[in-house]
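**Student:** So here's my_file_28.txt (compact mmCIF, C-alpha atoms and all ligand atoms).
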```
# COMPACT_ATOMS: atom_id res chain seq x y z
CA MET A 1 100.95 88.25 111.10
CA VAL A 2 101.89 91.50 109.38
CA MET A 3 105.55 91.45 108.50
CA PRO A 4 107.54 94.68 108.51
CA LEU A 5 108.73 95.82 105.13
CA ARG A 6 111.96 97.20 106.50
CA CYS A 7 114.08 96.39 109.49
CA LEU A 8 115.81 99.33 111.06
CA ALA A 9 117.75 99.57 114.28
CA VAL A 10 119.18 102.83 115.50
CA VAL A 11 121.85 102.20 118.09
CA THR A 12 122.70 105.43 119.84
CA VAL A 13 125.20 105.98 122.58
CA GLN A 14 123.67 109.20 123.91
CA ARG A 15 120.18 110.56 124.06
CA HIS A 16 119.87 112.62 120.95
CA TRP A 17 117.93 115.80 120.44
CA MET A 18 116.91 114.92 116.92
CA PHE A 19 114.68 111.97 117.73
CA PRO A 20 111.42 111.88 119.62
CA ASP A 21 111.14 109.40 122.51
CA GLU A 22 108.48 107.40 120.73
CA ALA A 23 110.79 106.79 117.78
CA GLY A 24 112.01 103.53 119.28
CA VAL A 25 115.65 104.54 119.27
CA ARG A 26 117.59 102.38 121.75
CA VAL A 27 120.14 104.33 123.82
CA TYR A 28 123.17 102.46 125.24
CA GLY A 29 125.35 103.71 128.06
CA PRO A 30 129.15 103.35 128.09
CA ALA A 31 129.03 100.40 130.52
CA GLU A 32 126.77 98.33 128.27
CA PRO A 33 128.80 95.40 126.88
CA GLN A 34 129.16 94.94 123.14
CA THR A 35 127.43 91.56 123.50
CA ALA A 36 124.26 93.29 124.77
CA VAL A 37 124.13 95.61 121.77
CA PHE A 38 124.61 92.71 119.39
CA GLU A 39 121.96 90.58 121.10
CA ASP A 40 119.42 93.34 120.48
CA VAL A 41 120.06 93.52 116.74
CA CYS A 42 120.91 89.85 116.11
CA PRO A 43 117.33 88.81 115.16
CA LEU A 44 117.57 91.18 112.21
CA LEU A 45 120.04 88.77 110.58
CA THR A 46 117.28 86.20 110.31
CA SER A 47 115.08 88.86 108.72
CA LEU A 48 117.87 89.54 106.23
CA LEU A 49 117.98 85.89 105.19
CA ASP A 50 114.18 85.94 104.96
CA GLY A 51 114.60 88.63 102.31
CA TYR A 52 114.24 91.92 104.17
CA ASP A 53 116.58 94.85 103.73
CA VAL A 54 118.12 95.67 107.10
CA CYS A 55 119.79 98.87 108.27
CA ILE A 56 121.62 99.32 111.56
CA LEU A 57 122.83 102.83 112.33
CA ALA A 58 125.02 104.04 115.18
CA LEU A 59 124.16 107.61 116.05
CA GLY A 60 125.48 110.02 118.65
CA GLN A 61 127.59 113.08 119.29
CA THR A 62 131.25 113.16 118.36
CA GLY A 63 133.34 111.02 120.72
CA SER A 64 130.32 109.23 122.17
CA GLY A 65 131.40 105.74 121.03
CA LYS A 66 129.78 105.04 117.66
CA THR A 67 132.88 103.65 115.97
CA TYR A 68 133.68 101.64 119.10
CA THR A 69 130.15 100.21 119.06
CA MET A 70 130.16 99.34 115.37
CA LEU A 71 133.77 98.31 114.78
CA GLY A 72 135.25 97.71 118.23
CA PRO A 73 138.38 99.19 119.75
CA PRO A 74 141.55 99.50 117.66
CA SER A 75 143.26 96.96 119.95
CA ASP A 76 141.12 94.04 118.73
CA ALA A 77 140.26 92.67 122.20
CA PRO A 78 137.94 89.72 121.43
CA ARG A 79 135.55 90.65 124.26
CA ASP A 80 135.01 94.12 122.79
CA VAL A 81 134.61 93.16 119.14
CA GLY A 82 132.13 95.52 117.49
CA LEU A 83 128.75 94.99 115.97
CA VAL A 84 129.96 94.80 112.35
CA PRO A 85 132.30 91.78 112.79
CA ARG A 86 129.73 90.16 115.08
CA ALA A 87 127.00 90.61 112.46
CA VAL A 88 129.20 89.19 109.72
CA GLU A 89 130.10 86.22 111.92
CA GLY A 90 126.43 85.68 112.83
CA LEU A 91 125.34 85.90 109.21
CA PHE A 92 127.77 83.22 108.04
CA ARG A 93 126.77 81.03 110.97
CA LEU A 94 123.10 81.27 109.97
CA ILE A 95 123.98 80.54 106.36
CA SER A 96 125.89 77.40 107.35
CA GLU A 97 122.88 76.22 109.35
CA ASN A 98 120.63 76.19 106.26
CA PRO A 99 122.21 74.01 103.58
CA SER A 100 118.91 73.82 101.67
CA ARG A 101 119.58 77.32 100.33
CA SER A 102 122.68 78.31 98.38
CA THR A 103 123.80 81.77 99.42
CA GLN A 104 126.15 84.28 97.86
CA VAL A 105 127.46 87.17 99.92
CA GLU A 106 129.02 90.33 98.52
CA VAL A 107 130.45 93.24 100.43
CA SER A 108 131.05 96.89 99.60
CA VAL A 109 132.45 99.61 101.81
CA MET A 110 131.80 103.27 101.13
CA GLU A 111 131.93 106.55 102.96
CA VAL A 112 129.84 109.67 102.50
CA TYR A 113 132.28 112.53 102.98
CA ASN A 114 131.29 116.15 102.41
CA ASN A 115 128.14 114.85 100.72
CA ASP A 116 130.15 112.84 98.15
CA ILE A 117 130.39 109.04 98.00
CA PHE A 118 133.80 107.35 98.04
CA ASP A 119 134.48 103.67 97.37
CA LEU A 120 136.77 102.38 100.12
CA LEU A 121 137.40 99.05 98.38
CA ALA A 122 138.51 100.64 95.10
CA LYS A 123 142.06 99.70 94.32
CA ASP A 124 142.92 103.16 93.17
CA GLY A 125 142.01 106.51 94.65
CA ARG A 126 138.65 105.79 96.31
CA THR A 127 136.78 105.52 92.97
CA ALA A 128 136.21 102.19 91.22
CA VAL A 129 136.46 103.86 87.81
CA PRO A 130 139.16 106.56 87.85
CA GLY A 131 137.64 110.01 87.68
CA VAL A 132 134.04 108.77 87.98
CA LYS A 133 132.34 109.61 91.26
CA PRO A 134 129.96 106.98 92.60
CA GLU A 135 126.37 108.18 92.47
CA VAL A 136 123.02 106.82 93.57
CA SER A 137 120.77 105.66 90.78
CA THR A 138 117.46 103.85 90.58
CA THR A 139 117.30 100.49 88.84
CA LYS A 140 114.34 99.68 86.62
CA GLU A 141 112.94 97.68 89.52
CA GLY A 142 113.01 100.78 91.71
CA ARG A 143 115.97 99.79 93.88
CA LYS A 144 118.64 102.29 94.84
CA GLU A 145 122.14 101.35 93.71
CA VAL A 146 125.46 103.11 94.03
CA SER A 147 127.54 102.90 90.87
CA PRO A 148 130.38 102.51 90.06
CA LEU A 149 131.17 100.67 93.27
CA THR A 150 133.47 97.76 94.10
CA ARG A 151 131.53 94.74 95.36
CA VAL A 152 133.51 91.69 96.32
CA ALA A 153 132.10 88.17 96.74
CA VAL A 154 133.18 86.65 100.05
CA CYS A 155 132.99 83.07 101.28
CA SER A 156 133.68 83.44 104.99
CA ALA A 157 133.27 85.83 107.87
CA GLY A 158 137.04 86.19 108.14
CA GLU A 159 137.38 87.18 104.50
CA CYS A 160 134.54 89.68 104.81
CA THR A 161 135.90 91.28 108.00
CA ALA A 162 139.41 91.53 106.53
CA LEU A 163 138.04 93.43 103.54
CA ILE A 164 136.07 95.80 105.74
CA ARG A 165 139.18 96.47 107.84
CA ALA A 166 141.19 97.18 104.70
CA GLY A 167 138.55 99.67 103.56
CA LEU A 168 138.58 101.41 106.92
CA GLN A 169 142.21 102.42 106.45
CA LEU A 170 141.03 104.91 103.84
CA ARG A 171 138.29 106.48 105.90
CA ALA A 172 138.54 110.24 106.56
CA GLN A 173 139.57 110.88 110.16
CA HIS A 174 140.93 114.02 111.86
CA ALA A 175 141.67 115.22 115.35
CA THR A 176 139.32 117.76 116.89
CA ALA A 177 139.35 119.41 120.29
CA VAL A 178 136.75 116.86 121.41
CA HIS A 179 138.08 113.64 119.86
CA ALA A 180 141.62 112.84 118.67
CA ALA A 181 140.44 110.31 116.07
CA SER A 182 137.15 111.79 114.95
CA SER A 183 135.46 110.18 111.93
CA ARG A 184 134.73 112.89 109.39
CA SER A 185 132.49 110.74 107.20
CA HIS A 186 129.56 108.35 107.41
CA LEU A 187 130.79 104.78 106.89
CA ILE A 188 128.39 102.38 105.16
CA VAL A 189 129.22 98.70 104.97
CA THR A 190 126.76 96.92 102.68
CA VAL A 191 126.48 93.15 102.76
CA THR A 192 124.33 91.91 99.89
CA VAL A 193 122.91 88.43 100.25
CA THR A 194 121.51 86.44 97.34
CA THR A 195 119.91 83.13 98.18
CA ALA A 196 118.50 80.41 95.99
CA PRO A 197 117.69 76.71 96.44
CA SER A 198 120.71 74.46 96.68
CA CYS A 199 121.27 72.61 93.42
CA HIS A 200 120.87 69.26 95.15
CA SER A 201 117.54 70.24 96.71
CA SER A 202 115.48 69.59 93.54
CA ALA A 203 115.71 68.60 89.89
CA GLU A 204 115.44 72.25 88.92
CA GLN A 205 118.21 73.93 87.03
CA PRO A 206 120.89 74.86 89.54
CA TRP A 207 121.35 78.45 90.49
CA SER A 208 124.61 79.87 89.23
CA PRO A 209 126.04 82.56 91.44
CA THR A 210 127.10 85.82 89.87
CA ALA A 211 130.82 86.25 89.47
CA PRO A 212 132.61 88.48 91.95
CA GLN A 213 132.10 91.98 90.73
CA GLU A 214 134.63 94.70 91.08
CA ALA A 215 134.26 98.17 89.67
CA GLY A 216 131.38 97.16 87.44
CA PRO A 217 127.77 98.19 87.36
CA PRO A 218 125.67 96.80 90.17
CA GLN A 219 123.85 93.51 89.68
CA PRO A 220 120.24 93.98 88.67
CA ALA A 221 117.72 93.26 91.37
CA ALA A 222 114.24 92.40 90.25
CA GLY A 223 110.87 91.87 91.84
CA ARG A 224 109.52 93.46 94.96
CA ARG A 225 110.04 97.16 95.23
CA ARG A 226 109.66 97.16 98.96
CA GLY A 227 111.87 94.89 100.98
CA ALA A 228 114.15 92.48 99.22
CA SER A 229 113.96 91.79 95.56
CA ARG A 230 113.06 88.35 94.33
CA ARG A 231 113.08 86.69 90.94
CA ALA A 232 112.20 83.18 89.85
CA SER A 233 115.23 81.06 89.14
CA PRO A 234 115.76 80.11 85.49
CA GLY A 235 114.60 76.59 86.18
CA SER A 236 111.16 77.48 87.44
CA PRO A 237 109.29 79.41 84.75
CA GLY A 238 105.74 80.25 85.60
CA ALA A 239 105.91 78.66 89.00
CA SER A 240 103.41 79.84 91.56
CA PRO A 241 104.79 81.71 94.58
CA ALA A 242 102.55 79.67 96.84
CA GLY A 243 103.77 76.31 95.58
CA PRO A 244 107.19 74.71 95.38
CA ALA A 245 108.34 77.57 93.23
CA ALA A 246 108.31 79.89 96.24
CA HIS A 247 111.28 77.76 97.18
CA ALA A 248 112.83 78.26 93.78
CA GLU A 249 113.17 82.00 93.91
CA GLN A 250 116.38 83.93 94.12
CA VAL A 251 116.11 86.39 96.98
CA HIS A 252 118.24 89.51 97.20
CA ALA A 253 118.49 91.56 100.35
CA LYS A 254 120.99 93.97 101.77
CA LEU A 255 122.32 94.63 105.23
CA GLN A 256 123.61 98.18 105.70
CA LEU A 257 125.77 98.73 108.76
CA VAL A 258 126.33 102.43 109.29
CA ASP A 259 128.79 104.22 111.54
CA LEU A 260 127.54 107.79 111.27
CA ALA A 261 129.87 110.73 111.74
CA GLY A 262 129.12 112.48 115.02
CA SER A 263 127.07 115.62 115.36
CA GLU A 264 129.24 118.39 116.74
CA CYS A 265 129.20 122.04 117.68
CA ALA A 266 132.01 123.81 115.78
CA GLY A 267 132.55 126.16 118.72
CA VAL A 268 133.29 123.23 121.02
CA SER A 269 135.25 121.01 118.62
CA GLY A 270 137.38 124.03 117.62
CA VAL A 271 137.48 123.18 113.92
CA THR A 272 138.40 125.71 111.25
CA GLY A 273 139.01 125.71 107.48
CA SER A 274 138.33 122.40 105.70
CA ALA A 275 137.42 120.71 109.00
CA LEU A 276 134.72 123.34 109.51
CA ARG A 277 133.28 122.45 106.12
CA GLU A 278 133.29 118.77 107.15
CA THR A 279 131.43 119.66 110.34
CA SER A 280 128.84 121.61 108.42
CA CYS A 281 128.32 118.70 105.95
CA ILE A 282 128.08 116.19 108.81
CA ASN A 283 125.51 118.25 110.70
CA ARG A 284 123.44 118.93 107.58
CA SER A 285 123.35 115.25 106.59
CA LEU A 286 122.38 114.19 110.12
CA ALA A 287 119.58 116.75 110.07
CA ALA A 288 118.47 115.32 106.70
CA LEU A 289 118.47 111.82 108.25
CA ALA A 290 116.37 113.07 111.15
CA ASP A 291 113.93 114.66 108.67
CA VAL A 292 113.60 111.36 106.81
CA LEU A 293 113.07 109.31 109.96
CA ARG A 294 110.50 111.79 111.26
CA ALA A 295 108.64 111.74 107.93
CA LEU A 296 108.59 107.92 108.02
CA TRP A 297 107.44 107.75 111.62
CA GLU A 298 104.71 110.31 110.93
CA ARG A 299 103.77 108.41 107.74
CA ARG A 300 104.01 111.56 105.66
CA GLY A 301 103.27 111.30 101.93
CA HIS A 302 106.62 112.80 100.99
CA VAL A 303 109.86 111.56 102.50
CA PRO A 304 112.83 113.83 101.63
CA TYR A 305 115.42 111.12 100.85
CA ARG A 306 117.10 113.20 98.17
CA ASN A 307 118.07 116.05 100.46
CA SER A 308 121.32 114.27 101.25
CA LYS A 309 123.54 111.53 99.75
CA LEU A 310 123.41 109.70 103.07
CA THR A 311 119.64 109.28 103.07
CA HIS A 312 119.53 108.61 99.33
CA VAL A 313 122.03 105.71 99.70
CA LEU A 314 120.02 104.29 102.61
CA GLN A 315 116.60 104.78 100.99
CA ASP A 316 115.86 101.09 100.31
CA ALA A 317 116.57 100.06 103.87
CA LEU A 318 114.98 103.06 105.60
CA GLY A 319 111.72 102.75 103.72
CA ASP A 320 110.38 103.67 100.30
N1 LIG B 1 131.92 101.60 125.70
C1 LIG B 1 133.20 102.00 125.65
N2 LIG B 1 134.13 101.43 126.44
C2 LIG B 1 135.42 101.82 126.38
N3 LIG B 1 135.89 102.79 125.55
C3 LIG B 1 135.02 103.38 124.74
C4 LIG B 1 133.63 103.02 124.74
N4 LIG B 1 133.00 103.78 123.82
C5 LIG B 1 133.96 104.58 123.29
N5 LIG B 1 135.16 104.35 123.83
C6 LIG B 1 136.41 105.05 123.52
O1 LIG B 1 136.08 106.45 123.43
C7 LIG B 1 136.77 107.06 122.34
C8 LIG B 1 135.76 107.67 121.38
O2 LIG B 1 134.96 106.63 120.82
P1 LIG B 1 134.59 106.55 119.27
O3 LIG B 1 135.77 106.79 118.40
O4 LIG B 1 133.84 105.29 119.08
O5 LIG B 1 133.59 107.81 119.18
P2 LIG B 1 132.70 108.27 117.95
O6 LIG B 1 131.34 108.49 118.48
O7 LIG B 1 132.84 107.33 116.81
O8 LIG B 1 133.37 109.67 117.60
P3 LIG B 1 133.35 110.52 116.22
O9 LIG B 1 131.92 110.77 115.88
O10 LIG B 1 134.07 111.78 116.56
O11 LIG B 1 134.07 109.69 115.21
C9 LIG B 1 137.63 105.98 121.69
O12 LIG B 1 138.92 106.04 122.22
C10 LIG B 1 136.94 104.69 122.12
O13 LIG B 1 137.85 103.58 122.15
```
Would you mind writing the file's structure down as structure tokens?
**Tutor:**
Amino acid sequence: MVMPLRCLAVVTVQRHWMFPDEAGVRVYGPAEPQTAVFEDVCPLLTSLLDGYDVCILALGQTGSGKTYTMLGPPSDAPRDVGLVPRAVEGLFRLISENPSRSTQVEVSVMEVYNNDIFDLLAKDGRTAVPGVKPEVSTTKEGRKEVSPLTRVAVCSAGECTALIRAGLQLRAQHATAVHAASSRSHLIVTVTVTTAPSCHSSAEQPWSPTAPQEAGPPQPAAGRRRGASRRASPGSPGASPAGPAAHAEQVHAKLQLVDLAGSECAGVSGVTGSALRETSCINRSLAALADVLRALWERRGHVPYRNSKLTHVLQDALGD
């Protein structure tokens, strides 16, 4: 069986002009329950724990229900809980079902606003290091990392969801003529999962999880350039991937949950001044995302990830 190198789900709440029908974009109507959307993407959580980078994007026009789909309604009605808390819950459930692997989970929350990255978990002023803007860089293993960026180790779904909610308070939001609480940025929640054999599963040296990291450089990820990164644990030098050592690898993979800002027509949304600049940045970055997805679907030699911060941040999960 040929395994996919990337797992990507585009959840859109309206048919969108930017994507061809054959692109596999799933369109949900307003009556579709949140449970149905989650059921469709839920298998990707297993792929994540198998070591694949996963990206789930909500796409649609302004006011079409992206934030509702990803995060749920502001009222917190349990029935309508969004895809992000459901995914976090599902991930921790899967982790608890496999005690033979020890798993560390870290979360970061960022927004891409006017083509700049802001750290929504930073304690001070949306940058982890005062005055230093987070930027995308490439690690020596070829992975894309945003740095400096706050990444917090979490032990439970509740802890993870609470952090994400706290980060959301800082997200850029303004009223427009179309939507009273319009998101003016792309929100990217990244859940990084590192798994290794449980220390009681063999006589090998136990895996020691990395300390919670806040405002520091990202953890190095080694190994496979495509998909998740893997490295042999310190206790298994020279072990063959086909033998027991395959079991002894640390596996890193990231889940990116993205609530995109909505495409909008400035004439209809009635924005002026700084809001007009936001609209222009939103539309340009969505066009850049469409260009990247088209290039990937058409298997073009060059994929223009660097045309926008949004696509550059998502490069690992979209394809490479
Ligand atoms: N399926 C739904 N059922 C009930 N209410 C919904 C549904 N989808 C969206 N809404 C409501 O519609 C309004 C707009 O939704 P939402 O904020 O999710 O739009 P959006 O696409 O994120 O907009 P923008 O791109 O401008 O941020 C909100 O009040 C939201 O609660």
**Student:** Residues within 7 Å of ligand LIG 1 (chain B), counting only C-alpha atoms and all ligand atoms: report them as an NGL selection string.
**Tutor:** :A and (30-32 or 60-69 or 73 or 179 or 181-184 or 261-263)
**Student:** Leaving out range 168-174 of chain A and any residue of its chain fewer than 3 positions from it, which residues lie within 9 Å of it when counting all atoms listed in the file, given as a count of residues only?
**Tutor:** 19
**Student:** Check the smallest atom-to-atom distance from each of A:Val37, A:Val189, A:Ala153, A:Leu57 to Leu293 in chain A using all atoms listed in the file, then report the winner.
**Tutor:**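 Comparing A:Val37, A:Val189, A:Ala153, A:Leu57 against Leu293 in chain A, the winner is A:Leu57.
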**Student:** Wanna dump the range 84-136 of chain A-range 308-311 of chain A contacts at 9 Å for me, each residue with its shortest atom pair and the distance in Å to one decimal, counting all atoms listed in the file, ordered by chain and number, as a Markdown table?
**Tutor:**
```
| residue | atom | partner | partner_atom | distance |
| --- | --- | --- | --- | --- |
| A:Val112 | CA | A:Leu310 | CA | 6.5 |
| A:Asn115 | CA | A:Lys309 | CA | 5.8 |
| A:Asp116 | CA | A:Lys309 | CA | 6.9 |
| A:Ile117 | CA | A:Lys309 | CA | 7.5 |
| A:Glu135 | CA | A:Lys309 | CA | 8.5 |
| A:Val136 | CA | A:Lys309 | CA | 7.8 |
```
**Student:** Please report the interatomic distance between CA of Arg101 in chain A and CA of Ser198 in chain A in Å with one decimal.
**Tutor:**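 So the answer is 4.8 Å.
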**Student:** Interatomic distance between CA of Tyr52 in chain A and CA of Ile95 in chain A?
**Tutor:**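 If I compute the distance from CA of Tyr52 in chain A to CA of Ile95 in chain A, I get 15.1 Å.
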**Student:** So that all listed atoms of range 289-305 of chain A fit with 4 Å spare on each side, what axis-aligned box centre and edge lengths in Å, to one decimal, would you give as lines of an AutoDock Vina configuration file?
**Tutor:**
```
center_x = 110.9
center_y = 111.2
center_z = 106.2
size_x = 23.2
size_y = 14.9
size_z = 18.8
```
**Student:** Please provide the set of residues having any atom within 6 Å of Ala128 in chain A, restricted to only C-alpha atoms, with same-chain residues fewer than 3 positions apart removed, written as a VMD selection string.
**Tutor:** chain A and resid 122 148 to 150 215
**Student:** Using C-alpha atoms, can you write the selected residues to a file as an mmCIF file, keeping the file's coordinate frame?
**Tutor:**
```
data_model
loop_
_atom_site.group_PDB
_atom_site.id
_atom_site.type_symbol
_atom_site.label_atom_id
_atom_site.label_comp_id
_atom_site.auth_asym_id
_atom_site.auth_seq_id
_atom_site.Cartn_x
_atom_site.Cartn_y
_atom_site.Cartn_z
ATOM 1 C CA ALA A 122 138.510 100.640 95.100
ATOM 2 C CA PRO A 148 130.380 102.510 90.060
ATOM 3 C CA LEU A 149 131.170 100.670 93.270
ATOM 4 C CA THR A 150 133.470 97.760 94.100
ATOM 5 C CA ALA A 215 134.260 98.170 89.670
#
```
**Student:** Ranking A:Leu71, A:Ile282, A:Ala253, A:Leu314 by minimum distance to Thr161 in chain A and counting all atoms listed in the file, which one comes first?
**Tutor:** A:Leu71
**Student:** At what distance in Å, to one decimal, does CA of Lys123 in chain A lie from CA of Arg86 in chain A?
**Tutor:**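 Value for the CA of Arg86 in chain A-CA of Lys123 in chain A distance: 26.0 Å.
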